[in-house]
>>> print(open('coords.cif').read())   # mmCIF, C-alpha atoms and all ligand atoms
data_query
loop_
_atom_site.group_PDB
_atom_site.id
_atom_site.type_symbol
_atom_site.label_atom_id
_atom_site.label_comp_id
_atom_site.auth_asym_id
_atom_site.auth_seq_id
_atom_site.Cartn_x
_atom_site.Cartn_y
_atom_site.Cartn_z
ATOM 1 C CA MET H 2 0.000 0.000 0.000
ATOM 2 C CA ALA H 3 1.213 3.502 -0.735
ATOM 3 C CA ARG H 4 2.105 5.874 2.084
ATOM 4 C CA THR H 5 -1.434 7.112 2.660
ATOM 5 C CA LEU H 6 -1.230 7.423 6.434
ATOM 6 C CA GLN H 7 -0.869 11.006 7.581
ATOM 7 C CA PRO H 8 -0.689 12.238 11.177
ATOM 8 C CA LYS H 9 -3.457 14.539 12.395
ATOM 9 C CA ASP H 10 -2.865 17.734 14.342
ATOM 10 C CA ALA H 11 -1.396 16.634 17.693
ATOM 11 C CA GLU H 12 -3.411 19.082 19.814
ATOM 12 C CA LEU H 13 -6.670 18.190 18.103
ATOM 13 C CA VAL H 14 -6.110 14.453 18.602
ATOM 14 C CA ALA H 15 -5.117 14.924 22.248
ATOM 15 C CA SER H 16 -8.155 17.143 22.950
ATOM 16 C CA ARG H 17 -10.479 14.490 21.561
ATOM 17 C CA LEU H 18 -8.732 11.767 23.557
ATOM 18 C CA LEU H 19 -9.058 13.853 26.734
ATOM 19 C CA ASP H 20 -12.809 14.268 26.090
ATOM 20 C CA ALA H 21 -13.187 10.533 25.472
ATOM 21 C CA SER H 22 -11.214 9.790 28.672
ATOM 22 C CA ALA H 23 -13.510 12.049 30.693
ATOM 23 C CA ARG H 24 -16.553 10.231 29.299
ATOM 24 C CA GLY H 25 -15.321 6.650 29.574
ATOM 25 C CA SER H 26 -12.805 5.784 32.291
ATOM 26 C CA TYR H 27 -13.118 2.994 34.829
ATOM 27 C CA ASP H 28 -12.016 2.385 38.386
ATOM 28 C CA PRO H 29 -11.239 -1.270 39.135
ATOM 29 C CA HIS H 30 -12.210 -0.771 42.783
ATOM 30 C CA ILE H 31 -15.723 0.338 41.873
ATOM 31 C CA ASP H 32 -16.548 -1.030 38.432
ATOM 32 C CA ILE H 33 -15.730 -4.712 38.983
ATOM 33 C CA ASP H 34 -17.437 -7.045 41.436
ATOM 34 C CA TRP H 35 -14.410 -8.947 42.737
ATOM 35 C CA SER H 36 -16.504 -11.072 45.061
ATOM 36 C CA ALA H 37 -18.572 -12.569 42.206
ATOM 37 C CA PRO H 38 -18.029 -16.365 42.092
ATOM 38 C CA LEU H 39 -15.895 -17.881 39.339
ATOM 39 C CA GLU H 40 -17.993 -20.179 37.147
ATOM 40 C CA ASP H 41 -17.083 -23.856 36.889
ATOM 41 C CA GLY H 42 -16.442 -25.150 33.384
ATOM 42 C CA LYS H 43 -15.684 -21.744 31.846
ATOM 43 C CA ALA H 44 -12.271 -21.030 30.344
ATOM 44 C CA TYR H 45 -10.249 -17.876 30.965
ATOM 45 C CA MET H 46 -9.140 -17.408 27.363
ATOM 46 C CA PRO H 47 -10.237 -19.164 24.146
ATOM 47 C CA LEU H 48 -8.789 -22.680 24.443
ATOM 48 C CA GLU H 49 -7.558 -22.638 20.839
ATOM 49 C CA ARG H 50 -5.326 -19.685 21.852
ATOM 50 C CA VAL H 51 -3.653 -21.590 24.718
ATOM 51 C CA SER H 52 -0.007 -22.246 23.804
ATOM 52 C CA LEU H 53 -0.228 -26.064 23.935
ATOM 53 C CA TYR H 54 -3.520 -26.359 22.013
ATOM 54 C CA GLY H 55 -3.363 -29.165 19.458
ATOM 55 C CA THR H 56 -0.136 -30.752 20.782
ATOM 56 C CA ASP H 57 0.299 -34.276 22.205
ATOM 57 C CA LEU H 58 0.628 -32.694 25.642
ATOM 58 C CA TRP H 59 -2.756 -31.017 25.124
ATOM 59 C CA ARG H 60 -4.383 -34.300 24.117
ATOM 60 C CA GLY H 61 -3.145 -35.774 27.410
ATOM 61 C CA LEU H 62 -4.996 -33.118 29.476
ATOM 62 C CA SER H 63 -8.547 -33.436 30.814
ATOM 63 C CA GLN H 64 -11.024 -30.621 30.137
ATOM 64 C CA GLU H 65 -10.543 -29.369 33.733
ATOM 65 C CA GLN H 66 -6.776 -29.278 33.233
ATOM 66 C CA ARG H 67 -7.150 -27.393 29.962
ATOM 67 C CA ILE H 68 -9.286 -24.779 31.721
ATOM 68 C CA GLU H 69 -6.755 -24.627 34.558
ATOM 69 C CA LEU H 70 -3.961 -24.016 32.045
ATOM 70 C CA SER H 71 -6.050 -21.293 30.334
ATOM 71 C CA LYS H 72 -6.339 -19.605 33.743
ATOM 72 C CA HIS H 73 -2.605 -19.684 34.370
ATOM 73 C CA GLU H 74 -1.745 -18.554 30.823
ATOM 74 C CA ILE H 75 -4.066 -15.555 31.025
ATOM 75 C CA ALA H 76 -2.657 -14.798 34.491
ATOM 76 C CA SER H 77 0.839 -14.888 32.957
ATOM 77 C CA ILE H 78 -0.220 -12.661 30.046
ATOM 78 C CA ALA H 79 -1.885 -10.235 32.503
ATOM 79 C CA SER H 80 1.209 -10.159 34.722
ATOM 80 C CA VAL H 81 3.521 -9.542 31.772
ATOM 81 C CA GLY H 82 1.073 -6.878 30.519
ATOM 82 C CA LEU H 83 1.185 -5.299 33.968
ATOM 83 C CA TRP H 84 4.992 -5.373 33.957
ATOM 84 C CA PHE H 85 5.010 -3.702 30.533
ATOM 85 C CA GLU H 86 2.529 -1.078 31.749
ATOM 86 C CA ILE H 87 4.898 -0.172 34.576
ATOM 87 C CA VAL H 88 7.731 0.196 32.037
ATOM 88 C CA LEU H 89 5.375 2.267 29.857
ATOM 89 C CA MET H 90 4.479 4.568 32.745
ATOM 90 C CA GLN H 91 8.177 5.259 33.201
ATOM 91 C CA LEU H 92 8.563 5.934 29.456
ATOM 92 C CA LEU H 93 5.582 8.299 29.478
ATOM 93 C CA VAL H 94 6.812 10.153 32.558
ATOM 94 C CA ARG H 95 10.144 10.716 30.793
ATOM 95 C CA TYR H 96 8.295 11.721 27.610
ATOM 96 C CA VAL H 97 6.075 14.295 29.306
ATOM 97 C CA TYR H 98 9.033 15.747 31.243
ATOM 98 C CA ASP H 99 10.001 17.887 28.237
ATOM 99 C CA LEU H 100 6.500 18.907 27.125
ATOM 100 C CA ASP H 101 4.595 22.116 27.829
ATOM 101 C CA PRO H 102 2.147 21.041 30.562
ATOM 102 C CA ARG H 103 -0.476 23.460 29.220
ATOM 103 C CA SER H 104 -0.764 21.488 25.990
ATOM 104 C CA ALA H 105 -3.508 18.920 25.492
ATOM 105 C CA HIS H 106 -0.775 16.583 24.228
ATOM 106 C CA ALA H 107 1.055 16.657 27.582
ATOM 107 C CA GLN H 108 -2.197 16.361 29.502
ATOM 108 C CA TYR H 109 -3.227 13.320 27.509
ATOM 109 C CA ALA H 110 0.145 11.647 28.170
ATOM 110 C CA LEU H 111 -0.493 12.264 31.899
ATOM 111 C CA THR H 112 -4.012 10.857 31.526
ATOM 112 C CA GLU H 113 -2.618 7.724 29.916
ATOM 113 C CA ILE H 114 -0.242 7.243 32.873
ATOM 114 C CA GLY H 115 -3.336 7.440 35.102
ATOM 115 C CA ASP H 116 -5.113 4.812 32.964
ATOM 116 C CA GLU H 117 -2.150 2.459 33.177
ATOM 117 C CA THR H 118 -1.910 2.706 36.966
ATOM 118 C CA ARG H 119 -5.550 1.613 37.188
ATOM 119 C CA HIS H 120 -4.974 -1.173 34.637
ATOM 120 C CA SER H 121 -2.018 -2.531 36.580
ATOM 121 C CA ILE H 122 -4.113 -2.599 39.762
ATOM 122 C CA MET H 123 -6.962 -4.258 37.845
ATOM 123 C CA PHE H 124 -4.700 -7.001 36.444
ATOM 124 C CA ALA H 125 -3.096 -7.538 39.850
ATOM 125 C CA LYS H 126 -6.532 -7.935 41.459
ATOM 126 C CA ALA H 127 -7.604 -10.366 38.713
ATOM 127 C CA ILE H 128 -4.491 -12.524 39.200
ATOM 128 C CA THR H 129 -5.123 -12.520 42.948
ATOM 129 C CA ARG H 130 -8.764 -13.491 42.428
ATOM 130 C CA PHE H 131 -7.722 -16.404 40.191
ATOM 131 C CA GLY H 132 -5.302 -17.626 42.864
ATOM 132 C CA ALA H 133 -2.475 -17.622 40.316
ATOM 133 C CA PRO H 134 1.129 -16.473 40.865
ATOM 134 C CA ALA H 135 2.266 -13.078 39.538
ATOM 135 C CA TYR H 136 4.386 -14.855 36.932
ATOM 136 C CA GLY H 137 5.787 -11.803 35.132
ATOM 137 C CA PRO H 138 8.466 -12.140 32.462
ATOM 138 C CA VAL H 139 11.526 -14.385 32.914
ATOM 139 C CA LYS H 140 14.431 -12.764 34.762
ATOM 140 C CA PRO H 141 16.549 -11.513 31.778
ATOM 141 C CA ILE H 142 13.497 -9.765 30.260
ATOM 142 C CA HIS H 143 12.555 -8.327 33.652
ATOM 143 C CA THR H 144 16.063 -6.841 33.909
ATOM 144 C CA ALA H 145 16.022 -5.624 30.295
ATOM 145 C CA GLY H 146 12.722 -3.822 31.057
ATOM 146 C CA LYS H 147 14.474 -1.757 33.700
ATOM 147 C CA VAL H 148 17.112 -0.572 31.216
ATOM 148 C CA TYR H 149 14.528 -0.049 28.462
ATOM 149 C CA GLY H 150 12.274 2.043 30.727
ATOM 150 C CA ALA H 151 15.204 4.268 31.669
ATOM 151 C CA LEU H 152 16.598 4.803 28.171
ATOM 152 C CA ALA H 153 14.109 4.166 25.339
ATOM 153 C CA GLY H 154 12.494 6.948 23.352
ATOM 154 C CA GLY H 155 11.391 8.012 19.890
ATOM 155 C CA PRO H 156 9.280 6.180 17.331
ATOM 156 C CA SER H 157 10.507 2.664 18.187
ATOM 157 C CA MET H 158 9.393 3.214 21.766
ATOM 158 C CA PHE H 159 5.865 4.118 20.655
ATOM 159 C CA GLY H 160 6.050 1.260 18.124
ATOM 160 C CA ALA H 161 6.908 -1.235 20.880
ATOM 161 C CA VAL H 162 4.093 0.150 23.012
ATOM 162 C CA LEU H 163 1.743 -0.440 20.090
ATOM 163 C CA VAL H 164 2.892 -4.047 19.660
ATOM 164 C CA ALA H 165 2.249 -4.806 23.340
ATOM 165 C CA GLU H 166 -1.073 -2.938 23.420
ATOM 166 C CA GLU H 167 -2.521 -4.102 20.118
ATOM 167 C CA ALA H 168 -1.450 -7.746 20.481
ATOM 168 C CA THR H 169 -3.065 -8.151 23.907
ATOM 169 C CA ASP H 170 -6.039 -6.124 22.658
ATOM 170 C CA ARG H 171 -6.688 -8.712 19.961
ATOM 171 C CA LEU H 172 -6.814 -11.530 22.501
ATOM 172 C CA GLN H 173 -8.963 -9.487 24.871
ATOM 173 C CA ARG H 174 -11.480 -8.621 22.158
ATOM 174 C CA ALA H 175 -11.801 -12.324 21.296
ATOM 175 C CA THR H 176 -12.530 -13.102 24.955
ATOM 176 C CA MET H 177 -14.810 -10.257 26.036
ATOM 177 C CA ASP H 178 -17.790 -11.147 23.826
ATOM 178 C CA ASP H 179 -17.595 -14.934 24.274
ATOM 179 C CA PRO H 180 -20.266 -16.225 26.713
ATOM 180 C CA ASP H 181 -18.194 -19.393 27.284
ATOM 181 C CA MET H 182 -15.473 -17.351 28.987
ATOM 182 C CA GLN H 183 -15.338 -16.469 32.716
ATOM 183 C CA PRO H 184 -17.470 -13.335 33.317
ATOM 184 C CA LEU H 185 -14.755 -11.726 35.455
ATOM 185 C CA ILE H 186 -12.050 -11.880 32.783
ATOM 186 C CA ARG H 187 -14.569 -10.680 30.186
ATOM 187 C CA MET H 188 -15.259 -7.572 32.302
ATOM 188 C CA VAL H 189 -11.544 -6.912 32.878
ATOM 189 C CA ASN H 190 -10.903 -7.250 29.147
ATOM 190 C CA ARG H 191 -13.822 -4.999 28.205
ATOM 191 C CA ILE H 192 -12.549 -2.181 30.412
ATOM 192 C CA HIS H 193 -9.030 -2.585 29.060
ATOM 193 C CA VAL H 194 -10.167 -2.614 25.422
ATOM 194 C CA VAL H 195 -12.152 0.638 25.827
ATOM 195 C CA GLU H 196 -9.267 2.539 27.403
ATOM 196 C CA GLU H 197 -6.526 1.027 25.244
ATOM 197 C CA ALA H 198 -8.277 2.163 22.052
ATOM 198 C CA ARG H 199 -7.315 5.710 23.063
ATOM 199 C CA HIS H 200 -3.717 4.737 23.857
ATOM 200 C CA VAL H 201 -3.395 3.032 20.475
ATOM 201 C CA ARG H 202 -4.622 6.164 18.723
ATOM 202 C CA PHE H 203 -2.137 8.334 20.635
ATOM 203 C CA ALA H 204 0.833 6.037 19.930
ATOM 204 C CA ARG H 205 -0.055 5.525 16.252
ATOM 205 C CA GLU H 206 -0.204 9.292 15.705
ATOM 206 C CA GLU H 207 3.155 9.666 17.424
ATOM 207 C CA VAL H 208 4.721 7.021 15.160
ATOM 208 C CA LEU H 209 3.312 8.710 12.035
ATOM 209 C CA ARG H 210 4.614 12.077 13.241
ATOM 210 C CA GLU H 211 8.125 10.947 14.204
ATOM 211 C CA VAL H 212 9.178 8.344 11.612
ATOM 212 C CA PRO H 213 9.440 10.845 8.702
ATOM 213 C CA LYS H 214 11.921 12.894 10.765
ATOM 214 C CA LEU H 215 14.449 10.022 10.903
ATOM 215 C CA ASN H 216 17.398 9.786 8.541
ATOM 216 C CA ARG H 217 18.249 6.417 6.954
ATOM 217 C CA ALA H 218 20.621 5.256 9.734
ATOM 218 C CA GLN H 219 18.250 6.334 12.499
ATOM 219 C CA LEU H 220 15.363 4.558 10.790
ATOM 220 C CA GLU H 221 17.316 1.299 10.618
ATOM 221 C CA ALA H 222 18.334 1.640 14.271
ATOM 222 C CA HIS H 223 14.697 2.185 15.309
ATOM 223 C CA ARG H 224 13.584 -0.783 13.178
ATOM 224 C CA TRP H 225 16.081 -3.041 14.937
ATOM 225 C CA LEU H 226 15.141 -1.751 18.374
ATOM 226 C CA LEU H 227 11.469 -2.246 17.645
ATOM 227 C CA ALA H 228 11.957 -5.778 16.297
ATOM 228 C CA LEU H 229 14.031 -6.857 19.303
ATOM 229 C CA THR H 230 11.625 -5.304 21.811
ATOM 230 C CA ALA H 231 8.609 -6.864 20.082
ATOM 231 C CA PHE H 232 10.367 -10.246 20.161
ATOM 232 C CA GLY H 233 11.225 -9.874 23.865
ATOM 233 C CA VAL H 234 7.735 -8.809 24.922
ATOM 234 C CA MET H 235 5.743 -11.291 22.806
ATOM 235 C CA ASP H 236 8.034 -14.180 23.719
ATOM 236 C CA ALA H 237 7.672 -13.334 27.415
ATOM 237 C CA LEU H 238 3.866 -13.442 27.543
ATOM 238 C CA VAL H 239 3.648 -17.109 28.519
ATOM 239 C CA ASN H 240 6.041 -17.737 31.400
ATOM 240 C CA PRO H 241 7.168 -21.406 31.172
ATOM 241 C CA ARG H 242 6.312 -21.887 34.853
ATOM 242 C CA VAL H 243 2.586 -21.896 33.918
ATOM 243 C CA TYR H 244 2.862 -25.499 32.710
ATOM 244 C CA ARG H 245 3.511 -26.723 36.248
ATOM 245 C CA CYS H 246 -0.162 -26.085 37.109
ATOM 246 C CA VAL H 247 -1.068 -29.179 35.055
ATOM 247 C CA GLY H 248 2.014 -31.212 35.960
ATOM 248 C CA ILE H 249 4.024 -30.435 32.814
ATOM 249 C CA ASP H 250 7.723 -29.667 33.146
ATOM 250 C CA PRO H 251 8.285 -25.975 32.182
ATOM 251 C CA ARG H 252 11.055 -26.800 29.697
ATOM 252 C CA GLN H 253 9.021 -29.508 28.035
ATOM 253 C CA GLY H 254 5.944 -27.257 27.870
ATOM 254 C CA ARG H 255 7.928 -24.333 26.462
ATOM 255 C CA ALA H 256 9.583 -26.518 23.781
ATOM 256 C CA ALA H 257 6.192 -27.949 22.765
ATOM 257 C CA ALA H 258 4.651 -24.455 22.582
ATOM 258 C CA LEU H 259 7.485 -23.048 20.442
ATOM 259 C CA ALA H 260 7.170 -25.961 17.998
ATOM 260 C CA ASN H 261 3.359 -25.767 17.966
ATOM 261 C CA PRO H 262 1.975 -24.425 14.645
ATOM 262 C CA HIS H 263 -1.224 -23.295 16.440
ATOM 263 C CA HIS H 264 0.798 -21.209 18.876
ATOM 264 C CA ARG H 265 2.877 -19.701 16.058
ATOM 265 C CA GLU H 266 -0.350 -18.827 14.285
ATOM 266 C CA THR H 267 -1.721 -17.265 17.492
ATOM 267 C CA ARG H 268 1.343 -15.013 17.742
ATOM 268 C CA ARG H 269 0.897 -13.891 14.138
ATOM 269 C CA TRP H 270 -2.829 -13.403 14.682
ATOM 270 C CA MET H 271 -2.185 -11.235 17.743
ATOM 271 C CA THR H 272 0.277 -8.961 15.925
ATOM 272 C CA GLU H 273 -0.910 -8.932 12.312
ATOM 273 C CA LYS H 274 -2.846 -5.659 12.576
ATOM 274 C CA VAL H 275 -0.101 -3.755 14.354
ATOM 275 C CA THR H 276 2.748 -5.070 12.210
ATOM 276 C CA GLY H 277 0.681 -4.118 9.142
ATOM 277 C CA PHE H 278 0.385 -0.576 10.466
ATOM 278 C CA LEU H 279 4.062 -0.398 11.434
ATOM 279 C CA ALA H 280 5.126 -1.656 8.006
ATOM 280 C CA GLU H 281 3.012 1.033 6.387
ATOM 281 C CA ALA H 282 4.506 3.634 8.730
ATOM 282 C CA GLY H 283 8.021 2.433 7.786
ATOM 283 C CA LEU H 284 9.039 1.048 11.192
ATOM 284 C CA VAL H 285 8.837 -2.585 10.084
ATOM 285 C CA GLY H 286 11.146 -3.224 7.151
ATOM 286 C CA GLY H 287 14.720 -3.965 6.148
ATOM 287 C CA PRO H 288 16.978 -6.703 7.562
ATOM 288 C CA SER H 289 15.426 -6.525 11.072
ATOM 289 C CA LYS H 290 12.294 -8.183 9.685
ATOM 290 C CA ARG H 291 14.191 -11.451 10.133
ATOM 291 C CA VAL H 292 13.825 -11.046 13.907
ATOM 292 C CA LEU H 293 10.062 -10.628 13.608
ATOM 293 C CA LYS H 294 9.845 -13.665 11.319
ATOM 294 C CA ALA H 295 11.878 -15.775 13.763
ATOM 295 C CA ALA H 296 9.504 -14.694 16.536
ATOM 296 C CA HIS H 297 6.493 -15.668 14.355
ATOM 297 C CA LEU H 298 5.173 -12.119 14.524
ATOM 298 C CA ILE H 299 4.988 -11.641 10.750
HETATM 299 FE FE FE L 1 -3.245 -0.844 29.903
HETATM 300 FE FE FE L 2 -2.150 1.322 27.274
#
>>> encode(input="coords.cif", output="structure tokens", more="lines below")
Ligand SMILES: [Fe+2]
Ligand SMILES: [Fe+2]
Amino acid sequence: MARTLQPKDAELVASRLLDASARGSYDPHIDIDWSAPLEDGKAYMPLERVSLYGTDLWRGLSQEQRIELSKHEIASIASVGLWFEIVLMQLLVRYVYDLDPRSAHAQYALTEIGDETRHSIMFAKAITRFGAPAYGPVKPIHTAGKVYGALAGGPSMFGAVLVAEEATDRLQRATMDDPDMQPLIRMVNRIHVVEEARHVRFAREEVLREVPKLNRAQLEAHRWLLALTAFGVMDALVNPRVYRCVGIDPRQGRAAALANPHHRETRRWMTEKVTGFLAEAGLVGGPSKRVLKAAHLI
């Protein structure tokens, strides 16, 4: 497709996003009934999106075990999402540091930080309610997040934010309208989808505004950074420790998931919209695409 995407006026976009935030924001303390019982027999994410779906290991699990694994996988995805939100808050705080606080653009960035604090609390409460561990990413990614949060900036930063937000958004949209899913996770996902739509708009505009300012070398550097960050975040979503909940050795479960064509397809499905946008914006392209291919993200 030709370069048809053009950024809109930053102040106009931010003003609209501020209005939308004032109309539709949620408080996890008030808007979710945490004492509502969990329903027996209902999965926590679509079973065909669980990492072991379709493998020999999956065939060896009872229906109860499959549902249990769906609970732990969504808890892992929520905990990694929460970890990324905390990194994102740090990135946004550093971003807004240099902006004129009177601008709608700065005020929307501050609003988004507020949204993410509530999301992180919401995901933490959901994990607690499910009785699952706060898995988070594996240690090297956890450490890398600290460095990334302190140093990252520019279009690849907003590009990486988009990958994390849009990929989880796809899974959440598939869950929120499905009556076979647990009502609690559907509610959590619905709230997140509504508020993330605004974040996606903000980050996409920022990418469209900033990429054309890069020279050739800078563009390649940002492409590489984006590809590596997208790989790290997407690969971290399912912590291998989740497999223990159904008696599967983490290494064995992880190896089966990585070799599983259904899981590879799920990764592509989660990221296809955002990688399409980023390719059109110029941030996905060149030799770094090999990283995204190896991660089954394109
Ligand atoms: Fe969020
Ligand atoms: Fe967000």
>>> residues_around(input="coords.cif", residues="H:Asp178", least_positions_apart="6", cutoff="10 Å", atoms="all atoms listed in the file", output="MDAnalysis selection string")
chainID H and resid 184 187:188 190:191
>>> closest_atom_pairs(input="coords.cif", of="chain H", to="ligand FE 2 (chain L)", cutoff="7 Å", atoms="all atoms listed in the file", output="tab-separated table")
residue	atom	partner	partner_atom	distance
H:Glu86	CA	L:FE2	FE	6.9
H:Glu113	CA	L:FE2	FE	6.9
H:Glu117	CA	L:FE2	FE	6.0
H:Glu166	CA	L:FE2	FE	5.8
H:Glu197	CA	L:FE2	FE	4.8
H:His200	CA	L:FE2	FE	5.1
>>> closest_residue(input="coords.cif", among="H:Ser16, H:Thr112, H:Thr56, H:Ser104", to="ligand FE 1 (chain L)", atoms="all atoms listed in the file")
H:Thr112
>>> residues_around(input="coords.cif", residues="stretch 212-218 of chain H", least_positions_apart="5", cutoff="10 Å", atoms="all atoms listed in the file", output="list in words")
Gly155, Pro156, Ser157, Glu207, His223, Arg224, Ala282, Gly283 and Leu284 of chain H
>>> resolve_selection(input="coords.cif", expression="the PyMOL selection byres (((chain H and resi 243) around 10) and not hetatm)", output="list in words")
Glu69, Leu70, Ser71, Lys72, His73, Glu74, Ile75, Ala76, Ser77, Ala133, Pro134, Tyr136, Val239, Asn240, Pro241, Arg242, Tyr244, Arg245, Cys246, Val247, Gly248, Ile249, Asp250, Pro251, Gly254 and Arg255 of chain H
>>> closest_residue(input="coords.cif", among="H:Ala237, H:Leu163, H:Ala175, H:Leu293", to="ligand FE 1 (chain L)", atoms="all atoms listed in the file")
H:Leu163
>>> residues_around(input="coords.cif", residues="H:Leu298", least_positions_apart="4", cutoff="9 Å", atoms="only C-alpha atoms", output="JSON, numbers by chain")
{"H": [231, 232, 235, 265, 266, 268, 269, 270, 271, 272, 273, 276, 292, 293, 294]}
>>> write_last_selection(input="coords.cif", atoms="C-alpha atoms", output="PDB file, in the coordinates of the input")
ATOM      1  CA  ALA H 231       8.609  -6.864  20.082  1.00  0.00           C
ATOM      2  CA  PHE H 232      10.367 -10.246  20.161  1.00  0.00           C
ATOM      3  CA  MET H 235       5.743 -11.291  22.806  1.00  0.00           C
ATOM      4  CA  ARG H 265       2.877 -19.701  16.058  1.00  0.00           C
ATOM      5  CA  GLU H 266      -0.350 -18.827  14.285  1.00  0.00           C
ATOM      6  CA  ARG H 268       1.343 -15.013  17.742  1.00  0.00           C
ATOM      7  CA  ARG H 269       0.897 -13.891  14.138  1.00  0.00           C
ATOM      8  CA  TRP H 270      -2.829 -13.403  14.682  1.00  0.00           C
ATOM      9  CA  MET H 271      -2.185 -11.235  17.743  1.00  0.00           C
ATOM     10  CA  THR H 272       0.277  -8.961  15.925  1.00  0.00           C
ATOM     11  CA  GLU H 273      -0.910  -8.932  12.312  1.00  0.00           C
ATOM     12  CA  THR H 276       2.748  -5.070  12.210  1.00  0.00           C
ATOM     13  CA  VAL H 292      13.825 -11.046  13.907  1.00  0.00           C
ATOM     14  CA  LEU H 293      10.062 -10.628  13.608  1.00  0.00           C
ATOM     15  CA  LYS H 294       9.845 -13.665  11.319  1.00  0.00           C
TER      16      LYS H 294
END
>>> closest_residue(input="coords.cif", among="H:Lys290, H:Met123, H:Asn261, H:Ile299", to="H:Asp32", atoms="all atoms listed in the file")
H:Met123
>>> residues_around(input="coords.cif", residues="H:Leu6", least_positions_apart="2", cutoff="8 Å", atoms="only C-alpha atoms", output="mmCIF file with C-alpha atoms, in the coordinates of the input")
data_model
loop_
_atom_site.group_PDB
_atom_site.id
_atom_site.type_symbol
_atom_site.label_atom_id
_atom_site.label_comp_id
_atom_site.auth_asym_id
_atom_site.auth_seq_id
_atom_site.Cartn_x
_atom_site.Cartn_y
_atom_site.Cartn_z
ATOM 1 C CA ARG H 4 2.105 5.874 2.084
ATOM 2 C CA PRO H 8 -0.689 12.238 11.177
ATOM 3 C CA LEU H 209 3.312 8.710 12.035
ATOM 4 C CA GLU H 281 3.012 1.033 6.387
ATOM 5 C CA ALA H 282 4.506 3.634 8.730
#
>>> resolve_selection(input="coords.cif", expression="the PyMOL selection byres (((chain H and resi 183) around 10) and not hetatm)", output="list in words")
Pro38, Leu39, Glu40, Asp41, Gly42, Lys43, Ala44, Tyr45, Met46, Lys72, Thr176, Met177, Asp179, Pro180, Asp181, Met182, Pro184, Leu185, Ile186, Arg187 and Met188 of chain H
>>> closest_residue(input="coords.cif", among="H:Ala280, H:Leu227, H:Ala260, H:Val81", to="ligand FE 1 (chain L)", atoms="only C-alpha atoms and all ligand atoms")
H:Val81
>>> closest_residue(input="coords.cif", among="H:His30, H:Leu92, H:Asp99, H:Pro141", to="H:Ile122", atoms="only C-alpha atoms")
H:His30
>>> residues_near_point(input="coords.cif", point="(-3.0, 16.2, 29.4)", cutoff="12 Å", atoms="all atoms listed in the file", output="VMD selection string")
chain H and resid 11 to 12 14 to 20 22 to 23 93 to 94 97 100 to 115 203
>>> write_last_selection(input="coords.cif", atoms="C-alpha atoms", output="short mmCIF file (atom, residue, chain, number, x, y, z; two decimals), in the coordinates of the input")
data_model
loop_
_atom_site.label_atom_id
_atom_site.label_comp_id
_atom_site.auth_asym_id
_atom_site.auth_seq_id
_atom_site.Cartn_x
_atom_site.Cartn_y
_atom_site.Cartn_z
CA ALA H 11 -1.40 16.63 17.69
CA GLU H 12 -3.41 19.08 19.81
CA VAL H 14 -6.11 14.45 18.60
CA ALA H 15 -5.12 14.92 22.25
CA SER H 16 -8.15 17.14 22.95
CA ARG H 17 -10.48 14.49 21.56
CA LEU H 18 -8.73 11.77 23.56
CA LEU H 19 -9.06 13.85 26.73
CA ASP H 20 -12.81 14.27 26.09
CA SER H 22 -11.21 9.79 28.67
CA ALA H 23 -13.51 12.05 30.69
CA LEU H 93 5.58 8.30 29.48
CA VAL H 94 6.81 10.15 32.56
CA VAL H 97 6.08 14.30 29.31
CA LEU H 100 6.50 18.91 27.12
CA ASP H 101 4.60 22.12 27.83
CA PRO H 102 2.15 21.04 30.56
CA ARG H 103 -0.48 23.46 29.22
CA SER H 104 -0.76 21.49 25.99
CA ALA H 105 -3.51 18.92 25.49
CA HIS H 106 -0.78 16.58 24.23
CA ALA H 107 1.06 16.66 27.58
CA GLN H 108 -2.20 16.36 29.50
CA TYR H 109 -3.23 13.32 27.51
CA ALA H 110 0.14 11.65 28.17
CA LEU H 111 -0.49 12.26 31.90
CA THR H 112 -4.01 10.86 31.53
CA GLU H 113 -2.62 7.72 29.92
CA ILE H 114 -0.24 7.24 32.87
CA GLY H 115 -3.34 7.44 35.10
CA PHE H 203 -2.14 8.33 20.64
#
